[in-house]
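Report on one structure; see the data block that follows.
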Amino acid sequence: MTPTNFGNGYTVLQVANATNGGMFYLTNTSNAGGRIYGTAAGLTYDSFGATSQAFNTNGAERMRIDVNGALLMGTTSASSSSMSIVRPANVQTYIYMLKSQQVEGTIGFAAGGDSNFYFGSGSSTLGTYG
């Protein structure tokens with residue numbers, strides 16, 4: 001196996017056919033970083049120490065799990081809750097609950113200056129609170 005360069009100083013190495021799975025350690029010179037490992041039970045991402053795990057798309061962070069286990073979407077700092085979803089004011093923010101790929105429930109906020117909290121059954125809004 002020979003590592004290959006993949007632009008901007010990254011190195012690519014494939015680990016395959018190991019008895020218990022494969023593991024990549026990703027660290028800097030201070031041993032900060034994490035590891036990714038795969039086994040028959042699944043894939044695990046693990047950061048070393050009290051650090052968060054960030055998920056990026058299109059060159060920007062979109063989601064993070066902070067050191068306390070809070071899931072953050074659209075923000076990098078947690079409020080007092082265990083899950084925060086932050087969207088720009090002009091974008092609707094809904095959580096859809098699905099069963100067998102069918103929307104069964106909806107909760108969230110509409111776009112713009114509307115500050116009502118919406119809840120519904122299926123994809124239609126049933127009522128507001130606010």
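Residue names in the structure tokens use chain letters A, B, ... in the order shown, residue numbers from 1 in each chain, and ligand numbers from 1 in the order shown.
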
Env of A:Tyr37: 9 Å cut, atoms = only C-alpha atoms, seq-sep filter 2 positions within chain, self excluded. Answer as a PyMOL selection string. chain A and resi 21-25+35+39+42-46

What's around A:Ala60 at 12 Å? Count only C-alpha atoms, leave out sequence neighbours fewer than 3 positions away in its own chain, and write the answer as a count of residues only. 10

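Note that atom CA of A:Tyr96 and atom CA of A:Tyr118 are 11.6 Å apart.
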
Surrounding residues of A:Ala32 excluding itself and chain neighbours under 5 positions, 10 Å, only C-alpha atoms, as a PyMOL selection string: chain A and resi 26-27+47-49+51

For the selection just defined, write its residues with N, CA, C and O atoms to a file, as a short mmCIF file (atom, residue, chain, number, x, y, z; two decimals), in the first residue's frame.
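Everything below was put into result18.cif:
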```
data_model
loop_
_atom_site.label_atom_id
_atom_site.label_comp_id
_atom_site.auth_asym_id
_atom_site.auth_seq_id
_atom_site.Cartn_x
_atom_site.Cartn_y
_atom_site.Cartn_z
N LEU A 26 -6.07 10.49 12.71
CA LEU A 26 -5.85 11.77 12.06
C LEU A 26 -5.41 12.77 13.13
O LEU A 26 -6.23 13.23 13.93
N THR A 27 -4.13 13.07 13.18
CA THR A 27 -3.61 13.95 14.23
C THR A 27 -2.65 14.97 13.64
O THR A 27 -2.12 14.80 12.55
N SER A 47 -13.36 11.93 18.31
CA SER A 47 -12.39 13.02 18.47
C SER A 47 -11.67 12.84 19.80
O SER A 47 -12.25 12.38 20.78
N PHE A 48 -10.39 13.18 19.84
CA PHE A 48 -9.60 13.04 21.05
C PHE A 48 -9.84 14.23 21.97
O PHE A 48 -9.88 15.37 21.54
N GLY A 49 -10.00 13.95 23.25
CA GLY A 49 -10.13 15.02 24.24
C GLY A 49 -11.46 15.73 24.15
O GLY A 49 -12.42 15.26 23.55
N THR A 51 -13.15 17.94 22.45
CA THR A 51 -13.29 18.67 21.19
C THR A 51 -14.60 18.29 20.52
O THR A 51 -15.16 17.24 20.79
#
```
